[in-house]
>>> print(open('coords-v7.csv').read())   # CSV, N, CA and C atoms and all ligand atoms
chain,number,residue,atom,x,y,z
A,97,MET,N,100.4,97.5,113.4
A,97,MET,CA,100.2,98.9,113.0
A,97,MET,C,98.8,99.4,113.3
A,98,LEU,N,97.9,98.5,113.0
A,98,LEU,CA,96.5,98.9,113.1
A,98,LEU,C,95.9,98.5,114.5
A,99,LYS,N,96.2,99.4,115.5
A,99,LYS,CA,95.6,99.1,116.8
A,99,LYS,C,95.0,100.3,117.4
A,100,LYS,N,94.2,100.1,118.4
A,100,LYS,CA,93.5,101.3,119.0
A,100,LYS,C,94.5,102.3,119.4
A,101,GLY,N,94.1,103.6,119.3
A,101,GLY,CA,95.0,104.7,119.6
A,101,GLY,C,95.6,105.3,118.4
A,102,ASN,N,95.5,104.6,117.2
A,102,ASN,CA,96.0,105.1,116.0
A,102,ASN,C,94.8,105.6,115.1
A,103,LYS,N,95.0,106.8,114.5
A,103,LYS,CA,94.0,107.4,113.7
A,103,LYS,C,93.5,106.5,112.6
A,104,LEU,N,94.5,105.8,112.0
A,104,LEU,CA,94.2,104.9,110.9
A,104,LEU,C,93.1,103.8,111.4
A,105,TYR,N,93.2,103.4,112.6
A,105,TYR,CA,92.3,102.4,113.1
A,105,TYR,C,90.8,103.0,113.1
A,106,SER,N,90.7,104.2,113.5
A,106,SER,CA,89.3,104.8,113.5
A,106,SER,C,88.9,105.1,112.1
A,107,ILE,N,89.8,105.5,111.2
A,107,ILE,CA,89.4,105.8,109.8
A,107,ILE,C,89.0,104.5,109.1
A,108,LEU,N,89.7,103.4,109.3
A,108,LEU,CA,89.4,102.2,108.5
A,108,LEU,C,88.2,101.4,109.1
A,109,THR,N,88.0,101.5,110.4
A,109,THR,CA,87.0,100.8,111.0
A,109,THR,C,85.7,101.6,111.3
A,110,GLY,N,85.8,102.9,111.2
A,110,GLY,CA,84.6,103.8,111.4
A,110,GLY,C,84.2,103.9,112.9
A,111,THR,N,85.2,103.7,113.8
A,111,THR,CA,84.9,103.7,115.2
A,111,THR,C,85.0,105.2,115.7
A,112,CYS,N,84.5,105.4,116.9
A,112,CYS,CA,84.5,106.7,117.5
A,112,CYS,C,85.9,107.3,117.5
A,113,PRO,N,86.1,108.5,117.0
A,113,PRO,CA,87.5,109.0,116.9
A,113,PRO,C,88.2,109.3,118.3
A,114,ALA,N,87.4,109.4,119.3
A,114,ALA,CA,87.9,109.8,120.6
A,114,ALA,C,88.3,108.6,121.4
A,115,CYS,N,87.5,107.5,121.4
A,115,CYS,CA,87.8,106.4,122.3
A,115,CYS,C,88.0,105.1,121.5
A,116,HIS,N,87.7,105.1,120.2
A,116,HIS,CA,87.8,103.9,119.4
A,116,HIS,C,87.1,102.7,120.0
A,117,GLY,N,86.0,103.0,120.7
A,117,GLY,CA,85.3,102.0,121.4
A,117,GLY,C,84.2,101.3,120.7
A,118,GLU,N,83.5,102.1,119.8
A,118,GLU,CA,82.3,101.5,119.1
A,118,GLU,C,82.2,102.3,117.8
A,119,SER,N,81.4,101.6,116.9
A,119,SER,CA,81.2,102.2,115.6
A,119,SER,C,80.4,103.5,115.6
A,120,MET,N,80.7,104.5,114.8
A,120,MET,CA,79.9,105.7,114.7
A,120,MET,C,78.6,105.5,114.0
A,121,TYR,N,78.6,104.4,113.2
A,121,TYR,CA,77.4,104.1,112.3
A,121,TYR,C,76.5,103.1,113.0
A,122,VAL,N,75.2,103.3,112.7
A,122,VAL,CA,74.2,102.4,113.2
A,122,VAL,C,74.4,101.0,112.6
A,123,ASN,N,74.6,101.0,111.2
A,123,ASN,CA,74.9,99.8,110.5
A,123,ASN,C,76.3,99.9,110.0
A,124,THR,N,77.2,98.9,110.5
A,124,THR,CA,78.6,99.0,110.1
A,124,THR,C,78.9,98.6,108.7
A,125,ASN,N,77.9,98.0,108.0
A,125,ASN,CA,78.1,97.6,106.6
A,125,ASN,C,77.7,98.7,105.7
A,126,PRO,N,78.6,99.4,105.0
A,126,PRO,CA,78.3,100.5,104.1
A,126,PRO,C,77.4,100.1,102.9
A,127,TYR,N,77.3,98.8,102.6
A,127,TYR,CA,76.5,98.4,101.4
A,127,TYR,C,75.0,98.3,101.7
A,128,PHE,N,74.6,98.6,103.0
A,128,PHE,CA,73.2,98.8,103.2
A,128,PHE,C,72.9,100.2,102.9
A,129,LEU,N,72.6,100.5,101.6
A,129,LEU,CA,72.6,101.9,101.2
A,129,LEU,C,71.6,102.8,101.9
A,130,GLY,N,70.5,102.2,102.3
A,130,GLY,CA,69.5,103.0,103.0
A,130,GLY,C,70.0,103.6,104.3
A,131,GLN,N,71.0,102.9,104.9
A,131,GLN,CA,71.5,103.3,106.2
A,131,GLN,C,72.9,103.8,106.1
A,132,LEU,N,73.3,104.2,104.9
A,132,LEU,CA,74.7,104.6,104.6
A,132,LEU,C,75.1,105.8,105.5
A,133,PHE,N,74.1,106.8,105.6
A,133,PHE,CA,74.4,108.0,106.2
A,133,PHE,C,74.0,108.1,107.7
A,134,ILE,N,73.3,107.0,108.2
A,134,ILE,CA,72.8,107.1,109.5
A,134,ILE,C,73.9,106.9,110.6
A,135,MET,N,74.1,107.9,111.3
A,135,MET,CA,75.2,107.8,112.4
A,135,MET,C,74.5,108.1,113.7
A,136,ARG,N,75.2,107.5,114.8
A,136,ARG,CA,74.7,107.8,116.1
A,136,ARG,C,75.0,109.3,116.4
A,137,GLU,N,74.3,109.9,117.3
A,137,GLU,CA,74.6,111.3,117.6
A,137,GLU,C,75.8,111.4,118.5
A,138,ARG,N,75.8,110.5,119.5
A,138,ARG,CA,77.0,110.5,120.4
A,138,ARG,C,77.5,109.1,120.6
A,139,CYS,N,78.8,109.0,121.0
A,139,CYS,CA,79.4,107.7,121.4
A,139,CYS,C,78.8,107.3,122.7
A,140,THR,N,78.3,106.1,122.8
A,140,THR,CA,77.7,105.6,124.0
A,140,THR,C,78.8,105.3,125.0
A,141,LYS,N,80.0,105.1,124.6
A,141,LYS,CA,81.1,104.8,125.5
A,141,LYS,C,81.7,106.0,126.2
A,142,CYS,N,81.9,107.1,125.4
A,142,CYS,CA,82.6,108.2,126.0
A,142,CYS,C,81.8,109.5,125.8
A,143,GLY,N,80.7,109.5,125.1
A,143,GLY,CA,79.8,110.7,125.0
A,143,GLY,C,80.3,111.7,124.0
A,144,THR,N,81.3,111.4,123.2
A,144,THR,CA,81.7,112.3,122.2
A,144,THR,C,80.6,112.6,121.2
A,145,LYS,N,80.4,113.9,120.9
A,145,LYS,CA,79.4,114.2,119.8
A,145,LYS,C,80.1,114.2,118.5
A,146,TYR,N,79.5,113.4,117.6
A,146,TYR,CA,80.2,113.3,116.3
A,146,TYR,C,80.0,114.5,115.4
A,147,LYS,N,78.7,114.9,115.3
A,147,LYS,CA,78.4,116.1,114.5
A,147,LYS,C,78.7,117.3,115.3
A,148,ILE,N,79.9,117.8,115.1
A,148,ILE,CA,80.3,118.9,116.0
A,148,ILE,C,79.5,120.2,115.8
A,149,GLU,N,79.1,120.5,114.5
A,149,GLU,CA,78.2,121.6,114.3
A,149,GLU,C,77.2,121.2,113.2
A,150,PRO,N,76.2,122.0,112.9
A,150,PRO,CA,75.2,121.6,111.9
A,150,PRO,C,75.9,121.4,110.5
A,151,SER,N,75.4,120.4,109.8
A,151,SER,CA,76.0,120.0,108.5
A,151,SER,C,77.5,119.9,108.6
A,152,PHE,N,78.0,119.4,109.6
A,152,PHE,CA,79.5,119.2,109.8
A,152,PHE,C,80.0,118.3,108.7
A,153,PHE,N,79.3,117.2,108.3
A,153,PHE,CA,79.8,116.2,107.4
A,153,PHE,C,79.8,116.6,105.9
A,154,PHE,N,79.3,117.9,105.7
A,154,PHE,CA,79.4,118.4,104.3
A,154,PHE,C,80.9,118.5,103.9
A,155,GLY,N,81.7,118.8,104.9
A,155,GLY,CA,83.2,118.9,104.6
A,155,GLY,C,83.8,117.6,104.1
A,156,ALA,N,83.1,116.5,104.4
A,156,ALA,CA,83.7,115.2,104.0
A,156,ALA,C,83.7,115.1,102.5
A,157,MET,N,82.9,116.0,101.8
A,157,MET,CA,82.9,116.0,100.3
A,157,MET,C,84.3,116.3,99.8
A,158,TYR,N,85.0,117.2,100.4
A,158,TYR,CA,86.3,117.6,99.9
A,158,TYR,C,87.2,116.4,100.1
A,159,VAL,N,87.1,115.7,101.2
A,159,VAL,CA,87.9,114.5,101.4
A,159,VAL,C,87.6,113.4,100.4
A,160,SER,N,86.3,113.3,100.1
A,160,SER,CA,85.9,112.2,99.2
A,160,SER,C,86.4,112.4,97.8
A,161,TYR,N,86.7,113.7,97.5
A,161,TYR,CA,87.4,113.9,96.2
A,161,TYR,C,88.7,113.3,96.1
A,162,ALA,N,89.5,113.5,97.2
A,162,ALA,CA,90.8,112.9,97.3
A,162,ALA,C,90.8,111.4,97.4
A,163,VAL,N,89.9,110.9,98.2
A,163,VAL,CA,89.8,109.4,98.3
A,163,VAL,C,89.4,108.8,97.0
A,164,GLY,N,88.4,109.5,96.3
A,164,GLY,CA,88.0,109.0,94.9
A,164,GLY,C,89.1,109.0,94.0
A,165,ILE,N,90.0,110.0,94.0
A,165,ILE,CA,91.2,110.0,93.1
A,165,ILE,C,92.1,108.9,93.4
A,166,ALA,N,92.3,108.6,94.7
A,166,ALA,CA,93.1,107.5,95.1
A,166,ALA,C,92.6,106.2,94.6
A,167,PHE,N,91.3,105.9,94.7
A,167,PHE,CA,90.7,104.7,94.1
A,167,PHE,C,90.9,104.7,92.6
A,168,ALA,N,90.7,105.8,91.9
A,168,ALA,CA,90.8,105.9,90.5
A,168,ALA,C,92.2,105.6,90.0
A,169,VAL,N,93.2,106.2,90.7
A,169,VAL,CA,94.6,105.9,90.3
A,169,VAL,C,94.9,104.4,90.5
A,170,ALA,N,94.4,103.9,91.7
A,170,ALA,CA,94.7,102.5,91.9
A,170,ALA,C,94.1,101.6,90.8
A,171,ALA,N,92.8,101.9,90.4
A,171,ALA,CA,92.2,101.1,89.4
A,171,ALA,C,92.9,101.3,88.0
A,172,PHE,N,93.4,102.5,87.8
A,172,PHE,CA,94.2,102.7,86.5
A,172,PHE,C,95.5,101.9,86.5
A,173,VAL,N,96.2,102.0,87.6
A,173,VAL,CA,97.5,101.3,87.7
A,173,VAL,C,97.3,99.8,87.6
A,174,ILE,N,96.3,99.2,88.2
A,174,ILE,CA,96.1,97.8,88.2
A,174,ILE,C,95.6,97.4,86.8
A,175,SER,N,94.7,98.1,86.2
A,175,SER,CA,94.2,97.6,84.9
A,175,SER,C,95.2,98.0,83.7
A,176,TYR,N,95.8,99.2,83.7
A,176,TYR,CA,96.6,99.6,82.6
A,176,TYR,C,98.0,99.0,82.7
A,177,LEU,N,98.6,99.1,83.9
A,177,LEU,CA,100.0,98.7,84.0
A,177,LEU,C,100.2,97.3,84.3
A,178,PHE,N,99.3,96.7,85.2
A,178,PHE,CA,99.5,95.3,85.6
A,178,PHE,C,98.8,94.4,84.6
A,179,ILE,N,97.5,94.6,84.3
A,179,ILE,CA,96.8,93.7,83.5
A,179,ILE,C,97.1,94.0,82.0
A,180,GLY,N,97.4,95.3,81.7
A,180,GLY,CA,97.7,95.6,80.3
A,180,GLY,C,96.5,95.9,79.4
A,181,THR,N,95.4,96.4,79.9
A,181,THR,CA,94.3,96.7,79.1
A,181,THR,C,94.5,98.0,78.2
A,182,THR,N,93.6,98.3,77.3
A,182,THR,CA,93.8,99.5,76.5
A,182,THR,C,93.3,100.7,77.4
A,183,LEU,N,93.6,101.9,76.9
A,183,LEU,CA,93.3,103.1,77.6
A,183,LEU,C,91.8,103.2,77.9
A,184,LEU,N,91.0,102.8,76.8
A,184,LEU,CA,89.5,102.9,77.0
A,184,LEU,C,89.0,101.9,78.0
A,185,ASN,N,89.6,100.7,78.0
A,185,ASN,CA,89.1,99.7,79.0
A,185,ASN,C,89.6,100.1,80.4
A,186,SER,N,90.7,100.7,80.5
A,186,SER,CA,91.1,101.1,81.9
A,186,SER,C,90.3,102.3,82.4
A,187,PHE,N,89.8,103.1,81.4
A,187,PHE,CA,88.8,104.2,81.8
A,187,PHE,C,87.5,103.6,82.3
A,188,ILE,N,87.1,102.5,81.6
A,188,ILE,CA,85.8,101.8,82.0
A,188,ILE,C,86.1,101.2,83.4
A,189,ALA,N,87.3,100.6,83.6
A,189,ALA,CA,87.6,100.0,84.9
A,189,ALA,C,87.5,101.1,86.0
A,190,ILE,N,88.0,102.3,85.7
A,190,ILE,CA,88.0,103.4,86.7
A,190,ILE,C,86.5,103.7,87.1
A,191,VAL,N,85.7,103.8,86.1
A,191,VAL,CA,84.3,104.2,86.4
A,191,VAL,C,83.6,103.1,87.2
A,192,ILE,N,83.8,101.8,86.8
A,192,ILE,CA,83.2,100.7,87.5
A,192,ILE,C,83.7,100.7,89.0
A,193,THR,N,85.0,100.9,89.1
A,193,THR,CA,85.6,100.9,90.5
A,193,THR,C,85.0,101.9,91.4
A,194,LEU,N,84.8,103.2,90.8
A,194,LEU,CA,84.2,104.3,91.6
A,194,LEU,C,82.8,104.0,92.0
A,195,VAL,N,82.0,103.4,91.0
A,195,VAL,CA,80.6,103.1,91.4
A,195,VAL,C,80.6,102.0,92.4
A,196,ILE,N,81.4,100.9,92.3
A,196,ILE,CA,81.3,99.8,93.2
A,196,ILE,C,81.7,100.3,94.6
A,197,PHE,N,82.8,101.1,94.7
A,197,PHE,CA,83.3,101.4,96.0
A,197,PHE,C,82.8,102.7,96.5
A,198,LEU,N,81.7,103.3,95.9
A,198,LEU,CA,81.2,104.6,96.3
A,198,LEU,C,80.8,104.6,97.8
A,199,PRO,N,80.0,103.5,98.3
A,199,PRO,CA,79.7,103.5,99.8
A,199,PRO,C,80.9,103.5,100.6
A,200,VAL,N,82.0,102.8,100.2
A,200,VAL,CA,83.2,102.7,101.0
A,200,VAL,C,83.9,104.1,101.0
A,201,ILE,N,83.9,104.7,99.8
A,201,ILE,CA,84.6,106.0,99.7
A,201,ILE,C,83.9,107.0,100.6
A,202,ILE,N,82.5,107.0,100.6
A,202,ILE,CA,81.8,108.0,101.4
A,202,ILE,C,82.1,107.8,102.9
A,203,ARG,N,82.0,106.5,103.3
A,203,ARG,CA,82.3,106.2,104.8
A,203,ARG,C,83.7,106.6,105.2
A,204,VAL,N,84.7,106.2,104.4
A,204,VAL,CA,86.1,106.5,104.7
A,204,VAL,C,86.3,108.0,104.7
A,205,SER,N,85.7,108.8,103.8
A,205,SER,CA,85.8,110.2,103.8
A,205,SER,C,85.3,110.8,105.1
A,206,ARG,N,84.1,110.3,105.5
A,206,ARG,CA,83.5,110.8,106.8
A,206,ARG,C,84.5,110.5,107.9
A,207,ASN,N,85.0,109.3,107.9
A,207,ASN,CA,85.9,108.9,109.0
A,207,ASN,C,87.2,109.8,109.0
A,208,ILE,N,87.7,110.1,107.9
A,208,ILE,CA,88.9,111.0,107.8
A,208,ILE,C,88.5,112.4,108.3
A,209,TRP,N,87.4,112.9,107.8
A,209,TRP,CA,87.0,114.2,108.1
A,209,TRP,C,86.8,114.4,109.7
A,210,VAL,N,86.1,113.4,110.3
A,210,VAL,CA,85.9,113.6,111.7
A,210,VAL,C,87.2,113.4,112.5
A,211,ASN,N,88.1,112.6,111.9
A,211,ASN,CA,89.4,112.5,112.6
A,211,ASN,C,90.3,113.7,112.5
A,212,PHE,N,90.0,114.6,111.5
A,212,PHE,CA,90.7,115.9,111.5
A,212,PHE,C,90.5,116.7,112.8
A,213,PHE,N,89.2,116.5,113.3
A,213,PHE,CA,88.8,117.5,114.3
A,213,PHE,C,88.8,116.8,115.7
A,214,ILE,N,88.6,115.5,115.8
A,214,ILE,CA,88.6,114.9,117.1
A,214,ILE,C,89.8,113.9,117.2
A,215,SER,N,90.6,114.0,118.2
A,215,SER,CA,91.7,113.1,118.3
A,215,SER,C,91.5,112.1,119.4
A,216,TYR,N,92.2,111.0,119.3
A,216,TYR,CA,92.1,109.9,120.3
A,216,TYR,C,92.6,110.4,121.6
A,217,SER,N,91.9,110.0,122.7
A,217,SER,CA,92.4,110.4,124.0
A,217,SER,C,92.2,109.2,124.9
A,218,SER,N,93.3,108.8,125.5
A,218,SER,CA,93.2,107.6,126.4
A,218,SER,C,92.3,107.9,127.6
A,219,GLU,N,92.2,109.2,128.0
A,219,GLU,CA,91.3,109.5,129.1
A,219,GLU,C,89.8,109.2,128.8
A,220,LYS,N,89.5,109.2,127.5
A,220,LYS,CA,88.1,109.0,127.1
A,220,LYS,C,87.8,107.5,127.1
A,221,VAL,N,88.8,106.7,127.1
A,221,VAL,CA,88.5,105.2,127.0
A,221,VAL,C,87.9,104.8,128.3
A,222,PRO,N,86.8,104.1,128.3
A,222,PRO,CA,86.1,103.6,129.5
A,222,PRO,C,87.1,102.7,130.2
A,223,GLU,N,87.0,102.6,131.6
A,223,GLU,CA,87.9,101.9,132.4
A,223,GLU,C,88.2,100.5,131.9
A,224,LYS,N,87.1,99.8,131.5
A,224,LYS,CA,87.3,98.4,131.2
A,224,LYS,C,88.3,98.2,130.0
A,225,GLY,N,88.2,99.1,129.0
A,225,GLY,CA,89.0,98.9,127.8
A,225,GLY,C,90.3,99.5,127.9
A,226,ARG,N,90.6,100.2,128.9
A,226,ARG,CA,91.9,100.9,129.0
A,226,ARG,C,93.0,99.9,129.4
A,227,LYS,N,94.1,100.1,128.7
A,227,LYS,CA,95.3,99.2,129.0
A,227,LYS,C,96.1,99.8,130.2
A,228,ALA,N,96.6,99.0,131.0
A,228,ALA,CA,97.4,99.5,132.1
A,228,ALA,C,98.7,100.0,131.6
A,229,VAL,N,99.1,101.2,132.0
A,229,VAL,CA,100.4,101.8,131.5
A,229,VAL,C,101.5,101.7,132.6
B,1,ZN,ZN,83.8,107.2,122.1
>>> encode(input="coords-v7.csv", output="structure tokens", more="lines below")
Ligand SMILES: [Zn+2]
Amino acid sequence: MLKKGNKLYSILTGTCPACHGESMYVNTNPYFLGQLFIMRERCTKCGTKYKIEPSFFFGAMYVSYAVGIAFAVAAFVISYLFIGTTLLNSFIAIVITLVIFLPVIIRVSRNIWVNFFISYSSEKVPEKGRKAV
């Protein structure tokens, strides 16, 4: 399921939305907090400009709300329904989950946001990485 050409691949790996050839981020590990937001300007493989317009990635805030809710619901289901904690402890579990996964949520939100606007195109894949059809 998770192969190049699928939007989910770009969203989960943070690769260029057009060619899936390289990471959009200078540092692929989101837990280097100082470099969390540092992105390349263009893809070196296909030349796609990630920041389509000024402050383009502000829109990722709306996506991060939805992604945060998804993480919170998952934390609640796991702690309250599976482990059987009290309501207060499952609330604490939600807060801890959101804090721990904040860098991941931010990166995934940006990936989803940029994938709304730029689609995968096999023509953009450099010759070497293109599969014969
Ligand atoms: Zn690219």
>>> residues_near_ligand(input="coords-v7.csv", ligand="ligand ZN 1 (chain B)", cutoff="6.5 Å", atoms="only N, CA and C atoms and all ligand atoms", output="mmCIF file with N, CA and C atoms, keeping the file's coordinate frame")
data_model
loop_
_atom_site.group_PDB
_atom_site.id
_atom_site.type_symbol
_atom_site.label_atom_id
_atom_site.label_comp_id
_atom_site.auth_asym_id
_atom_site.auth_seq_id
_atom_site.Cartn_x
_atom_site.Cartn_y
_atom_site.Cartn_z
ATOM 1 N N CYS A 112 84.500 105.400 116.900
ATOM 2 C CA CYS A 112 84.500 106.700 117.500
ATOM 3 C C CYS A 112 85.900 107.300 117.500
ATOM 4 N N PRO A 113 86.100 108.500 117.000
ATOM 5 C CA PRO A 113 87.500 109.000 116.900
ATOM 6 C C PRO A 113 88.200 109.300 118.300
ATOM 7 N N ALA A 114 87.400 109.400 119.300
ATOM 8 C CA ALA A 114 87.900 109.800 120.600
ATOM 9 C C ALA A 114 88.300 108.600 121.400
ATOM 10 N N CYS A 115 87.500 107.500 121.400
ATOM 11 C CA CYS A 115 87.800 106.400 122.300
ATOM 12 C C CYS A 115 88.000 105.100 121.500
ATOM 13 N N HIS A 116 87.700 105.100 120.200
ATOM 14 C CA HIS A 116 87.800 103.900 119.400
ATOM 15 C C HIS A 116 87.100 102.700 120.000
ATOM 16 N N GLY A 117 86.000 103.000 120.700
ATOM 17 C CA GLY A 117 85.300 102.000 121.400
ATOM 18 C C GLY A 117 84.200 101.300 120.700
ATOM 19 N N GLU A 118 83.500 102.100 119.800
ATOM 20 C CA GLU A 118 82.300 101.500 119.100
ATOM 21 C C GLU A 118 82.200 102.300 117.800
ATOM 22 N N CYS A 139 78.800 109.000 121.000
ATOM 23 C CA CYS A 139 79.400 107.700 121.400
ATOM 24 C C CYS A 139 78.800 107.300 122.700
ATOM 25 N N THR A 140 78.300 106.100 122.800
ATOM 26 C CA THR A 140 77.700 105.600 124.000
ATOM 27 C C THR A 140 78.800 105.300 125.000
ATOM 28 N N LYS A 141 80.000 105.100 124.600
ATOM 29 C CA LYS A 141 81.100 104.800 125.500
ATOM 30 C C LYS A 141 81.700 106.000 126.200
ATOM 31 N N CYS A 142 81.900 107.100 125.400
ATOM 32 C CA CYS A 142 82.600 108.200 126.000
ATOM 33 C C CYS A 142 81.800 109.500 125.800
ATOM 34 N N GLY A 143 80.700 109.500 125.100
ATOM 35 C CA GLY A 143 79.800 110.700 125.000
ATOM 36 C C GLY A 143 80.300 111.700 124.000
ATOM 37 N N THR A 144 81.300 111.400 123.200
ATOM 38 C CA THR A 144 81.700 112.300 122.200
ATOM 39 C C THR A 144 80.600 112.600 121.200
ATOM 40 N N LYS A 220 89.500 109.200 127.500
ATOM 41 C CA LYS A 220 88.100 109.000 127.100
ATOM 42 C C LYS A 220 87.800 107.500 127.100
#
>>> closest_residue(input="coords-v7.csv", among="A:Phe153, A:Met135, A:Val163, A:Ile188", to="Tyr176 (chain A)", atoms="only C-alpha atoms")
A:Ile188
>>> atom_distance(input="coords-v7.csv", atom1="CA of Ile107 (chain A)", atom2="atom C of Asn207 (chain A)")
4.6 Å
>>> closest_atom_pairs(input="coords-v7.csv", of="region 154-222 of chain A", to="region 129-134 of chain A", cutoff="8 Å", atoms="only N, CA and C atoms", output="JSON lines")
{"residue": "A:Pro199", "atom": "CA", "partner": "A:Leu132", "partner_atom": "CA", "distance": 7.0}
{"residue": "A:Ile202", "atom": "C", "partner": "A:Leu132", "partner_atom": "C", "distance": 7.7}
{"residue": "A:Arg203", "atom": "CA", "partner": "A:Leu132", "partner_atom": "C", "distance": 7.2}
>>> closest_residue(input="coords-v7.csv", among="A:Asn123, A:Ser205, A:Thr193, A:Ser106", to="Gly155 (chain A)", atoms="only N, CA and C atoms")
A:Ser205
>>> residues_around(input="coords-v7.csv", residues="Ala171 (chain A)", least_positions_apart="3", cutoff="7 Å", atoms="all atoms listed in the file", output="JSON, numbers by chain")
{"A": [166, 167, 168, 174, 175, 176, 186, 189, 190, 193]}
>>> select_by_dssp(input="coords-v7.csv", residues="chain A", states="alpha helix (DSSP H)", output="NGL selection string")
:A and (103-109 or 156-172 or 183-196 or 198-213)
>>> closest_residue(input="coords-v7.csv", among="A:Phe178, A:Ile201, A:Thr109, A:Ile148", to="Gly164 (chain A)", atoms="only N, CA and C atoms")
A:Ile201
>>> residues_around(input="coords-v7.csv", residues="Ala156 (chain A)", least_positions_apart="2", cutoff="7 Å", atoms="all atoms listed in the file", output="number ranges by chain")
A: 152-154, 158-161, 205-206, 209-210
>>> build_atoms(input="coords-v7.csv", residues="region 107-118 of chain A", atoms="N, CA, C and O atoms", output="CSV table (one decimal), in the frame of the given file")
chain,number,residue,atom,x,y,z
A,107,ILE,N,89.8,105.5,111.2
A,107,ILE,CA,89.4,105.8,109.8
A,107,ILE,C,89.0,104.5,109.1
A,107,ILE,O,88.0,104.5,108.4
A,108,LEU,N,89.7,103.4,109.3
A,108,LEU,CA,89.4,102.2,108.5
A,108,LEU,C,88.2,101.4,109.1
A,108,LEU,O,87.5,100.7,108.4
A,109,THR,N,88.0,101.5,110.4
A,109,THR,CA,87.0,100.8,111.0
A,109,THR,C,85.7,101.6,111.3
A,109,THR,O,84.6,101.0,111.6
A,110,GLY,N,85.8,102.9,111.2
A,110,GLY,CA,84.6,103.8,111.4
A,110,GLY,C,84.2,103.9,112.9
A,110,GLY,O,83.1,104.1,113.2
A,111,THR,N,85.2,103.7,113.8
A,111,THR,CA,84.9,103.7,115.2
A,111,THR,C,85.0,105.2,115.7
A,111,THR,O,85.5,106.0,115.0
A,112,CYS,N,84.5,105.4,116.9
A,112,CYS,CA,84.5,106.7,117.5
A,112,CYS,C,85.9,107.3,117.5
A,112,CYS,O,86.9,106.6,118.0
A,113,PRO,N,86.1,108.5,117.0
A,113,PRO,CA,87.5,109.0,116.9
A,113,PRO,C,88.2,109.3,118.3
A,113,PRO,O,89.4,109.4,118.3
A,114,ALA,N,87.4,109.4,119.3
A,114,ALA,CA,87.9,109.8,120.6
A,114,ALA,C,88.3,108.6,121.4
A,114,ALA,O,89.4,108.6,122.1
A,115,CYS,N,87.5,107.5,121.4
A,115,CYS,CA,87.8,106.4,122.3
A,115,CYS,C,88.0,105.1,121.5
A,115,CYS,O,88.5,104.1,122.1
A,116,HIS,N,87.7,105.1,120.2
A,116,HIS,CA,87.8,103.9,119.4
A,116,HIS,C,87.1,102.7,120.0
A,116,HIS,O,87.4,101.6,119.7
A,117,GLY,N,86.0,103.0,120.7
A,117,GLY,CA,85.3,102.0,121.4
A,117,GLY,C,84.2,101.3,120.7
A,117,GLY,O,83.9,100.2,120.9
A,118,GLU,N,83.5,102.1,119.8
A,118,GLU,CA,82.3,101.5,119.1
A,118,GLU,C,82.2,102.3,117.8
A,118,GLU,O,82.7,103.3,117.6
